[in-house]
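K.L.:
Okay, so here is upload.cif, and as you'll see once you scroll down, it has mmCIF, C-alpha atoms.
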```cif
data_model
loop_
_atom_site.label_atom_id
_atom_site.label_comp_id
_atom_site.auth_asym_id
_atom_site.auth_seq_id
_atom_site.Cartn_x
_atom_site.Cartn_y
_atom_site.Cartn_z
CA MET A 23 0.00 0.00 0.00
CA LEU A 24 1.35 3.42 -0.98
CA GLU A 25 1.80 5.97 1.78
CA PRO A 26 -0.09 9.28 1.29
CA ARG A 27 2.16 11.97 -0.11
CA PRO A 28 2.49 15.37 1.61
CA VAL A 29 0.57 18.24 0.03
CA ASN A 30 3.03 20.95 -0.98
CA ASP A 31 2.10 24.56 -0.24
CA GLY A 32 3.79 25.81 -3.41
CA ASN A 33 6.72 27.35 -1.54
CA GLY A 34 8.66 24.21 -0.77
CA GLY A 35 6.79 23.48 2.48
CA ILE A 36 3.80 21.45 3.50
CA SER A 37 0.42 23.18 3.43
CA GLU A 38 -2.03 23.35 6.35
CA ALA A 39 -4.22 20.77 4.61
CA GLY A 40 -1.19 18.58 4.03
CA LYS A 41 -0.24 18.72 7.70
CA ARG A 42 -3.73 17.69 8.74
CA LYS A 43 -3.76 14.89 6.18
CA ASN A 44 -0.41 13.55 7.37
CA GLY A 45 -1.20 13.85 11.08
CA THR A 46 1.46 16.49 11.83
CA MET A 47 -0.86 19.37 12.77
CA ARG A 48 -0.37 20.55 16.33
CA LEU A 49 -2.31 22.97 18.51
CA ASN A 50 -0.41 25.79 20.10
CA GLN A 51 -0.50 26.75 23.77
CA ARG A 52 -2.69 29.81 23.14
CA GLN A 53 -5.36 27.77 21.39
CA MET A 54 -5.47 25.27 24.25
CA GLU A 55 -5.79 28.16 26.74
CA ILE A 56 -8.70 29.60 24.77
CA PHE A 57 -10.42 26.22 24.42
CA ASN A 58 -10.01 25.54 28.15
CA ALA A 59 -11.34 29.00 29.04
CA ILE A 60 -14.43 28.54 26.86
CA MET A 61 -15.15 25.12 28.36
CA ILE A 62 -14.81 26.46 31.90
CA ASN A 63 -16.63 29.77 31.42
CA LYS A 64 -19.33 28.42 29.07
CA SER A 65 -19.17 31.40 26.68
CA MET A 66 -16.75 33.29 24.44
CA THR A 67 -17.46 36.59 26.18
CA ALA A 68 -16.65 35.21 29.62
CA ALA A 69 -13.60 33.40 28.25
CA ALA A 70 -12.33 36.62 26.68
CA ALA A 71 -12.75 38.45 30.01
CA ALA A 72 -10.90 35.67 31.85
CA LEU A 73 -8.00 35.80 29.40
CA GLY A 74 -7.91 39.58 29.10
CA THR A 75 -8.63 39.68 25.39
CA SER A 76 -11.54 40.43 23.06
CA GLN A 77 -14.45 38.26 22.03
CA PRO A 78 -13.65 38.55 18.29
CA THR A 79 -10.11 37.32 19.01
CA ILE A 80 -11.48 34.33 20.91
CA SER A 81 -13.91 33.56 18.08
CA ARG A 82 -11.18 33.81 15.44
CA GLU A 83 -8.78 31.57 17.39
CA LEU A 84 -11.53 29.01 17.97
CA ARG A 85 -12.35 28.83 14.26
CA ASP A 86 -8.68 28.37 13.45
CA MET A 87 -8.41 25.63 16.08
CA GLU A 88 -11.38 23.75 14.62
CA GLN A 89 -9.84 24.01 11.16
CA ARG A 90 -6.58 22.63 12.47
CA ILE A 91 -8.07 19.60 14.23
CA GLY A 92 -10.65 18.89 11.54
CA PHE A 93 -13.87 18.77 13.60
CA GLU A 94 -16.29 21.11 15.32
CA LEU A 95 -15.86 21.76 19.03
CA PHE A 96 -19.10 23.64 19.68
CA LEU A 97 -22.61 23.81 18.31
CA ARG A 98 -23.63 27.45 17.97
CA PHE A 99 -27.15 28.65 18.74
CA GLY A 100 -27.00 32.43 18.57
CA LYS A 101 -24.62 33.48 21.35
CA ARG A 102 -24.92 30.16 23.13
CA LEU A 103 -22.25 27.47 22.72
CA THR A 104 -22.82 23.78 23.35
CA PRO A 105 -19.71 21.57 23.39
CA THR A 106 -19.76 18.57 21.10
CA ASN A 107 -18.93 15.07 22.33
CA GLN A 108 -15.52 15.48 20.70
CA ALA A 109 -14.96 18.68 22.67
CA LEU A 110 -15.80 16.94 25.94
CA LEU A 111 -13.31 14.17 25.17
CA LEU A 112 -10.61 16.63 24.16
CA HIS A 113 -11.14 18.77 27.26
CA GLU A 114 -10.43 15.79 29.53
CA VAL A 115 -6.90 15.70 28.11
CA VAL A 116 -6.45 19.47 28.03
CA ARG A 117 -7.70 19.83 31.61
CA ARG A 118 -5.10 17.34 32.88
CA ALA A 119 -2.41 19.25 31.01
CA PHE A 120 -3.41 22.50 32.70
CA VAL A 121 -3.39 20.86 36.13
CA GLY A 122 0.18 19.79 35.40
CA MET A 123 1.10 23.29 34.26
CA GLU A 124 -0.32 24.75 37.49
CA GLU A 125 1.85 22.36 39.51
CA ILE A 126 4.91 23.44 37.53
CA SER A 127 4.07 27.12 38.03
CA ARG A 128 3.68 26.68 41.78
CA ALA A 129 6.97 24.78 42.00
CA ALA A 130 8.73 27.52 40.02
CA SER A 131 7.28 30.16 42.34
CA ALA A 132 8.49 28.23 45.37
CA ILE A 133 11.99 27.93 43.92
CA ARG A 134 12.06 31.64 43.08
CA THR A 135 11.31 32.53 46.69
CA HIS A 136 13.70 29.84 47.99
CA ASN A 137 10.78 27.83 49.39
CA ALA A 138 10.84 24.65 47.33
CA ALA A 139 9.42 22.41 50.07
CA ASN A 140 6.70 20.46 48.29
CA CYS A 141 4.75 17.49 49.64
CA ARG A 142 2.15 15.56 47.63
CA VAL A 143 -0.02 13.29 49.77
CA ALA A 144 -2.57 10.71 48.60
CA THR A 145 -5.15 9.47 51.08
CA ILE A 146 -8.48 7.68 51.31
CA PRO A 147 -11.68 9.78 51.64
CA ALA A 148 -12.16 8.87 55.33
CA TYR A 149 -8.84 10.46 56.30
CA ALA A 150 -9.28 13.42 53.98
CA GLU A 151 -12.18 14.43 56.21
CA ALA A 152 -11.32 13.00 59.65
CA ILE A 153 -7.63 13.67 60.31
CA LEU A 154 -5.69 15.30 57.47
CA PRO A 155 -7.27 18.76 57.88
CA ARG A 156 -5.89 18.79 61.45
CA VAL A 157 -2.52 17.59 60.25
CA ALA A 158 -2.38 20.23 57.52
CA GLN A 159 -3.34 22.99 59.95
CA ARG A 160 -0.60 22.07 62.39
CA LEU A 161 2.06 21.46 59.76
CA LEU A 162 1.45 24.78 58.02
CA LYS A 163 1.35 26.63 61.34
CA HIS A 164 4.94 25.62 62.02
CA ARG A 165 6.12 25.43 58.39
CA PRO A 166 4.06 27.94 56.38
CA ALA A 167 6.47 27.67 53.42
CA VAL A 168 5.41 24.09 52.66
CA HIS A 169 3.46 23.58 49.45
CA LEU A 170 1.11 20.82 50.59
CA SER A 171 -1.05 19.03 48.02
CA LEU A 172 -3.67 16.52 49.28
CA HIS A 173 -5.47 14.11 46.97
CA SER A 174 -8.39 11.89 48.02
CA LEU A 175 -8.40 8.55 46.20
CA GLU A 176 -10.02 5.16 46.60
CA GLU A 177 -7.73 2.43 47.90
CA LEU A 178 -6.95 0.71 44.57
CA SER A 179 -6.24 3.98 42.76
CA LEU A 180 -4.05 5.08 45.63
CA GLN A 181 -2.01 1.88 45.45
CA HIS A 182 -1.44 2.37 41.74
CA GLU A 183 -0.34 5.99 42.15
CA MET A 184 2.06 5.10 44.96
CA ALA A 185 3.57 2.35 42.85
CA THR A 186 4.31 4.89 40.12
CA THR A 187 5.87 7.33 42.67
CA VAL A 188 3.51 10.17 41.76
CA PHE A 189 3.11 11.06 45.45
CA ASP A 190 5.54 11.62 48.30
CA LEU A 191 3.27 9.91 50.83
CA GLY A 192 0.19 7.71 50.90
CA VAL A 193 -2.00 7.54 54.00
CA THR A 194 -4.50 4.69 54.10
CA GLU A 195 -5.76 1.78 56.19
CA GLY A 196 -4.70 -1.08 53.94
CA ARG A 197 -1.53 -3.12 53.72
CA PHE A 198 0.49 -2.60 50.58
CA GLU A 199 3.35 -4.82 49.43
CA HIS A 200 5.39 -3.35 46.60
CA GLN A 201 9.07 -3.44 45.81
CA GLY A 202 9.42 0.33 45.52
CA VAL A 203 7.31 1.27 48.55
CA ILE A 204 8.03 1.17 52.29
CA SER A 205 5.31 1.48 54.92
CA GLN A 206 4.83 2.47 58.55
CA ARG A 207 1.83 1.67 60.75
CA ILE A 208 0.33 4.01 63.34
CA GLU A 209 -1.94 2.33 65.89
CA VAL A 210 -4.96 4.47 66.78
CA GLY A 211 -7.09 2.20 69.00
CA ASP A 212 -10.05 -0.13 68.45
CA LEU A 213 -13.14 0.18 66.31
CA VAL A 214 -16.01 2.09 67.94
CA CYS A 215 -19.79 1.59 67.98
CA VAL A 216 -21.77 4.53 66.61
CA LEU A 217 -25.48 5.02 67.42
CA PRO A 218 -28.20 7.59 66.76
CA ILE A 219 -28.89 9.95 69.65
CA GLY A 220 -31.53 8.43 71.92
CA HIS A 221 -31.04 4.89 70.63
CA PRO A 222 -31.90 2.21 73.27
CA LEU A 223 -28.36 0.78 73.09
CA SER A 224 -26.85 4.13 74.08
CA SER A 225 -27.70 3.36 77.71
CA LYS A 226 -24.90 0.76 77.76
CA PRO A 227 -21.23 1.90 78.02
CA VAL A 228 -19.97 -1.23 76.25
CA LEU A 229 -21.84 -3.11 73.52
CA GLU A 230 -21.50 -6.83 72.89
CA PRO A 231 -22.19 -8.69 69.62
CA ALA A 232 -25.50 -9.98 71.07
CA ASP A 233 -26.71 -6.37 71.47
CA PHE A 234 -26.79 -6.05 67.68
CA ASP A 235 -29.06 -9.05 67.12
CA SER A 236 -31.72 -8.06 64.53
CA VAL A 237 -30.79 -4.37 64.92
CA PRO A 238 -30.69 -2.34 61.64
CA PHE A 239 -27.01 -2.03 60.76
CA VAL A 240 -25.17 0.29 58.35
CA TYR A 241 -22.57 -1.81 56.53
CA PHE A 242 -19.37 -0.87 54.75
CA SER A 243 -18.83 -2.26 51.24
CA GLN A 244 -17.95 -5.92 50.77
CA ASP A 245 -14.30 -5.23 49.91
CA ASP A 246 -13.61 -3.23 53.09
CA PRO A 247 -11.11 -5.21 55.26
CA TYR A 248 -12.74 -4.17 58.53
CA ARG A 249 -16.18 -5.10 57.19
CA ARG A 250 -14.85 -8.63 56.77
CA LYS A 251 -13.39 -8.68 60.30
CA LEU A 252 -16.70 -7.58 61.80
CA ASP A 253 -18.64 -10.11 59.72
CA ASP A 254 -16.40 -12.86 61.11
CA ILE A 255 -16.99 -11.67 64.69
CA PHE A 256 -20.76 -11.65 64.36
CA PHE A 257 -20.78 -14.95 62.49
CA ALA A 258 -18.72 -16.61 65.24
CA ALA A 259 -21.14 -15.25 67.85
CA GLY A 260 -24.14 -16.52 65.87
CA ILE A 261 -25.59 -13.01 65.64
CA SER A 262 -27.59 -11.83 62.64
CA ARG A 263 -27.74 -8.07 62.17
CA SER A 264 -30.54 -6.51 60.17
CA TYR A 265 -29.31 -5.03 56.89
CA ALA A 266 -30.22 -1.34 56.67
CA VAL A 267 -27.91 0.07 53.99
CA GLU A 268 -24.40 -0.32 52.60
CA THR A 269 -22.06 2.60 51.95
CA THR A 270 -18.40 3.18 51.16
CA THR A 271 -16.98 5.76 53.59
CA ALA A 272 -16.95 6.14 57.36
CA ALA A 273 -18.28 9.69 57.05
CA SER A 274 -21.32 8.48 55.09
CA VAL A 275 -21.85 5.73 57.69
CA CYS A 276 -22.01 8.41 60.39
CA SER A 277 -24.44 10.45 58.31
CA MET A 278 -26.69 7.41 57.93
CA VAL A 279 -26.51 6.69 61.65
CA SER A 280 -27.19 10.33 62.55
CA ALA A 281 -30.29 10.20 60.32
CA GLY A 282 -31.55 7.18 62.26
CA VAL A 283 -31.07 4.64 59.46
CA GLY A 284 -29.26 2.22 61.75
CA VAL A 285 -26.23 1.63 63.97
CA SER A 286 -22.69 0.72 62.95
CA ILE A 287 -19.08 0.20 63.99
CA ILE A 288 -16.43 2.56 62.60
CA ASN A 289 -12.77 3.49 62.86
CA PRO A 290 -11.71 5.58 65.89
CA LEU A 291 -10.44 8.53 63.81
CA THR A 292 -13.79 9.15 62.16
CA ALA A 293 -15.47 8.51 65.52
CA ALA A 294 -13.32 11.18 67.18
CA ASN A 295 -14.07 13.59 64.35
CA HIS A 296 -17.83 13.08 64.92
CA LEU A 297 -17.85 13.75 68.65
CA GLY A 298 -20.78 16.06 69.33
CA LYS A 299 -22.07 15.79 65.76
CA GLY A 300 -25.39 14.02 66.16
CA VAL A 301 -24.19 10.53 67.09
CA VAL A 302 -23.42 8.57 70.25
CA LEU A 303 -20.17 6.59 70.55
CA ARG A 304 -19.75 3.43 72.64
CA ARG A 305 -17.02 0.83 73.09
CA PHE A 306 -17.29 -2.60 71.45
CA SER A 307 -16.63 -5.56 73.76
CA VAL A 308 -14.56 -7.32 71.10
CA GLY A 309 -11.36 -5.40 70.51
CA VAL A 310 -10.70 -4.80 66.81
CA PRO A 311 -7.38 -2.92 66.56
CA TYR A 312 -7.28 -0.21 63.94
CA ALA A 313 -4.18 1.34 62.38
CA LEU A 314 -3.48 3.76 59.60
CA ALA A 315 -0.63 3.04 57.23
CA VAL A 316 1.83 5.56 55.81
CA TRP A 317 3.34 4.53 52.49
CA ARG A 318 6.37 6.17 50.96
CA PRO A 319 8.26 5.52 47.71
CA ALA A 320 11.67 4.12 48.65
CA ARG A 321 13.40 6.66 46.41
CA LYS A 322 11.89 9.56 48.38
CA THR A 323 12.75 8.51 51.92
CA GLY A 324 15.04 11.49 52.49
CA SER A 325 12.34 14.15 52.25
CA ALA A 326 12.41 16.33 55.39
CA VAL A 327 8.88 17.56 54.69
CA ALA A 328 7.56 14.00 54.38
CA GLU A 329 9.27 13.10 57.66
CA LYS A 330 7.71 16.10 59.37
CA PHE A 331 4.29 15.34 57.92
CA THR A 332 4.48 11.77 59.24
CA ALA A 333 5.54 12.98 62.70
CA VAL A 334 2.65 15.46 62.86
CA LEU A 335 0.26 12.77 61.61
CA LYS A 336 1.32 10.47 64.45
CA ASP A 337 0.91 13.23 67.05
CA VAL A 338 -2.56 14.19 65.82
CA ALA A 339 -3.68 10.54 65.66
CA ASN A 340 -2.56 9.97 69.25
CA GLU A 341 -4.36 13.12 70.41
CA MET A 342 -7.59 12.09 68.65
CA ARG A 343 -7.32 8.66 70.23
CA ALA A 344 -6.92 10.17 73.71
CA THR A 345 -9.84 12.59 73.15
CA LEU A 346 -12.10 9.75 72.03
CA GLN A 347 -11.21 7.56 74.99
CA SER A 348 -11.82 10.42 77.43
CA ALA A 349 -15.21 11.16 75.87
CA MET A 350 -16.33 7.53 76.08
CA ASP A 351 -15.12 7.25 79.67
CA LYS A 352 -17.46 10.10 80.55
CA GLY A 353 -20.32 8.38 78.74
#
```
What does the file become when written as structure tokens?
P.N.:
Amino acid sequence: MLEPRPVNDGNGGISEAGKRKNGTMRLNQRQMEIFNAIMINKSMTAAAAALGTSQPTISRELRDMEQRIGFELFLRFGKRLTPTNQALLLHEVVRRAFVGMEEISRAASAIRTHNAANCRVATIPAYAEAILPRVAQRLLKHRPAVHLSLHSLEELSLQHEMATTVFDLGVTEGRFEHQGVISQRIEVGDLVCVLPIGHPLSSKPVLEPADFDSVPFVYFSQDDPYRRKLDDIFFAAGISRSYAVETTTAASVCSMVSAGVGVSIINPLTAANHLGKGVVLRRFSVGVPYALAVWRPARKTGSAVAEKFTAVLKDVANEMRATLQSAMDKG
């Protein structure tokens, strides 16, 4: 099969049409900025204002961009623009590129001001709400120059990102065995029973498996490791809980419990974070130790910021554990 021949522009070069035909046409940075601005601001006028230029310029650049790529990006109805399916697909790629550019810009700014202390942390949603805000507040109070970037990911996605060394630290509850990753465990106490305010079981300071017999229960998802541990405990005791609902995060479990959907058993960090927030916390008679795990790429073990973050994380976890225990002692 013969390869397509380039279309000459008559001056010894390849024409615009020839470049498109041969797959060599590239968008420039300005066109991507304009496309991104239109997608975000939903109109050419707003995009022009955001970029500090005129609407005719935006319109002209957009037409040129569509000619270059060979398909329409927007359907035009008067002044209203509706992105095509192709535009939505393209913007997914462009958006990721701009996130990367923002990271580069922030790093350059930090270097310019001699504050290049960056720390990228991946964590599960439960910790993003329960403990990491406290850790960030304390870390930045003592080291305001740190550029801290927190990303909430589900467990499997977090494992993949840590394996590719995208992040400096990963904070999760699961065990992770990987050649390029080292881990550290921080014990934070046992799982805690969580009840709606006024629930009959709240009169007891310590709840036993038998107390949950036929009681509506808010479950974690099937793949949660602590869900499996609790299932084994209740199965061994011959206790059948009543299924109320299943959800994926400890925060949503607490919301369900607070709304009166059922009772549950959660990690002590989320329990401590929900003290005084519409739920009652009680000890469980069967101790189920809970620990958070800090993962770190082996090649980044020398980071002073990562070391400090881990130290602050341990301090905050211990303080939350002590606060929770004190609250439950008082009933």
K.L.:
Set out as JSON lines a contact list for range 274-299 of chain A and range 203-220 of chain A with a cut-off of 8 Å, giving each residue of range 274-299 of chain A that qualifies its closest atom pair and distance in Å to one decimal, counting only C-alpha atoms, ordered by chain and rising residue number.
P.N.:
```
{"residue": "A:Cys276", "atom": "CA", "partner": "A:Val216", "partner_atom": "CA", "distance": 7.3}
{"residue": "A:Val279", "atom": "CA", "partner": "A:Pro218", "partner_atom": "CA", "distance": 5.5}
{"residue": "A:Ser280", "atom": "CA", "partner": "A:Pro218", "partner_atom": "CA", "distance": 5.1}
{"residue": "A:Ala281", "atom": "CA", "partner": "A:Pro218", "partner_atom": "CA", "distance": 7.3}
{"residue": "A:Gly282", "atom": "CA", "partner": "A:Pro218", "partner_atom": "CA", "distance": 5.6}
{"residue": "A:Gly284", "atom": "CA", "partner": "A:Leu217", "partner_atom": "CA", "distance": 7.4}
{"residue": "A:Val285", "atom": "CA", "partner": "A:Leu217", "partner_atom": "CA", "distance": 4.9}
{"residue": "A:Ser286", "atom": "CA", "partner": "A:Val216", "partner_atom": "CA", "distance": 5.4}
{"residue": "A:Ile287", "atom": "CA", "partner": "A:Cys215", "partner_atom": "CA", "distance": 4.3}
{"residue": "A:Ile288", "atom": "CA", "partner": "A:Val214", "partner_atom": "CA", "distance": 5.4}
{"residue": "A:Asn289", "atom": "CA", "partner": "A:Leu213", "partner_atom": "CA", "distance": 4.8}
{"residue": "A:Pro290", "atom": "CA", "partner": "A:Leu213", "partner_atom": "CA", "distance": 5.6}
{"residue": "A:Leu291", "atom": "CA", "partner": "A:Val210", "partner_atom": "CA", "distance": 7.4}
{"residue": "A:Ala293", "atom": "CA", "partner": "A:Val214", "partner_atom": "CA", "distance": 6.9}
```
K.L.:
(-6.8, 11.7, 72.5) in this file's frame - what residues fall within 12 Å of it? Use only C-alpha atoms and give the answer as an MDAnalysis selection string.
P.N.:
chainID A and resid 210:211 290:291 293:295 297 336:351
K.L.:
Can you spit out the residues from that selection as a PDB file, in the coordinates of the input, using C-alpha atoms?
P.N.:
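Final file, out_22.pdb:
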```pdb
ATOM      1  CA  VAL A 210      -4.960   4.470  66.780  1.00  0.00           C
ATOM      2  CA  GLY A 211      -7.090   2.200  69.000  1.00  0.00           C
ATOM      3  CA  PRO A 290     -11.710   5.580  65.890  1.00  0.00           C
ATOM      4  CA  LEU A 291     -10.440   8.530  63.810  1.00  0.00           C
ATOM      5  CA  ALA A 293     -15.470   8.510  65.520  1.00  0.00           C
ATOM      6  CA  ALA A 294     -13.320  11.180  67.180  1.00  0.00           C
ATOM      7  CA  ASN A 295     -14.070  13.590  64.350  1.00  0.00           C
ATOM      8  CA  LEU A 297     -17.850  13.750  68.650  1.00  0.00           C
ATOM      9  CA  LYS A 336       1.320  10.470  64.450  1.00  0.00           C
ATOM     10  CA  ASP A 337       0.910  13.230  67.050  1.00  0.00           C
ATOM     11  CA  VAL A 338      -2.560  14.190  65.820  1.00  0.00           C
ATOM     12  CA  ALA A 339      -3.680  10.540  65.660  1.00  0.00           C
ATOM     13  CA  ASN A 340      -2.560   9.970  69.250  1.00  0.00           C
ATOM     14  CA  GLU A 341      -4.360  13.120  70.410  1.00  0.00           C
ATOM     15  CA  MET A 342      -7.590  12.090  68.650  1.00  0.00           C
ATOM     16  CA  ARG A 343      -7.320   8.660  70.230  1.00  0.00           C
ATOM     17  CA  ALA A 344      -6.920  10.170  73.710  1.00  0.00           C
ATOM     18  CA  THR A 345      -9.840  12.590  73.150  1.00  0.00           C
ATOM     19  CA  LEU A 346     -12.100   9.750  72.030  1.00  0.00           C
ATOM     20  CA  GLN A 347     -11.210   7.560  74.990  1.00  0.00           C
ATOM     21  CA  SER A 348     -11.820  10.420  77.430  1.00  0.00           C
ATOM     22  CA  ALA A 349     -15.210  11.160  75.870  1.00  0.00           C
ATOM     23  CA  MET A 350     -16.330   7.530  76.080  1.00  0.00           C
ATOM     24  CA  ASP A 351     -15.120   7.250  79.670  1.00  0.00           C
TER      25      ASP A 351
END
```
K.L.:
Quick one: residues within 10 Å of Asp253 in chain A, only C-alpha atoms, excluding same-chain residues fewer than 6 positions away - as a PyMOL selection string?
P.N.:
chain A and resi 241+244+259+261-263
K.L.:
Since I can't run it myself right now, could you work out what the PyMOL selection byres ((chain A and resi 169-176) around 7) selects here and report it as a list of chain:residue names?
P.N.:
A:Ala139, A:Asn140, A:Cys141, A:Arg142, A:Val143, A:Ala144, A:Thr145, A:Ile146, A:Pro147, A:Ala150, A:Ala167, A:Val168, A:Glu177, A:Leu178, A:Ser179, A:Leu180
K.L.:
Please write the residues picked by the PyMOL selection byres ((chain A and resi 155-157) around 9) on this file as number ranges by chain.
P.N.:
A: 149-154, 158-162, 331, 334-335, 337-339
K.L.:
Neighbours of range 61-73 of chain A within 12 Å (only C-alpha atoms; same-chain residues fewer than 4 positions away dropped), as an MDAnalysis selection string?
P.N.:
chainID A and resid 52:57 77:85 95:106 109:114 116:117
K.L.:
Counting only C-alpha atoms, which residue out of A:Pro231, A:Gly309, A:Ala59, A:Thr270 sits closest to Phe257 in chain A?
P.N.:
A:Pro231
K.L.:
CA of Asn58 in chain A to CA of Ser76 in chain A: how many Å, to one decimal?
P.N.:
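Distance between the two atoms: 15.8 Å.
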K.L.:
By how many Å are CA of Met278 in chain A and CA of Val302 in chain A apart?
P.N.:
12.8 Å
K.L.:
Might you pull out every residue within 9 Å of Thr269 in chain A, with only C-alpha atoms counted and same-chain residues fewer than 2 positions away left off, and present them as a list in words?
P.N.:
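Neighbouring residues, sequence-local ones excluded: Val240, Tyr241, Phe242, Ser243, Val267, Thr271, Ala272, Ser274, Val275 and Met278 of chain A.
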K.L.:
How many Å separate CA of Leu191 in chain A from CA of Pro319 in chain A?
P.N.:
7.3 Å
K.L.:
Using only C-alpha atoms for the distances, tell me which of A:Glu195, A:Asp235, A:Asp245, A:Glu268 is nearest to Trp317 in chain A.
P.N.:
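The answer is A:Glu195, which sits nearest to Trp317 in chain A.
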K.L.:
Between A:Arg305, A:Pro227, A:Thr332, A:Ala148, which one has atoms that come closest to Thr292 in chain A, using only C-alpha atoms?
P.N.:
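Counting only C-alpha atoms, the residue closest to Thr292 in chain A is A:Ala148.
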K.L.:
Counting all atoms listed in the file, which residue out of A:Val237, A:Ile91, A:Ala266, A:Val310 sits closest to Arg250 in chain A?
P.N.:
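Of A:Val237, A:Ile91, A:Ala266, A:Val310, the one nearest Arg250 in chain A is A:Val310, counting all atoms listed in the file.
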K.L.:
Give the answer as one residue: which of A:Arg90, A:Lys163, A:Arg48, A:Lys226 has the shortest atom-to-atom distance to Phe306 in chain A, using only C-alpha atoms?
P.N.:
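Distance minimum relative to Phe306 in chain A lands on A:Lys226.
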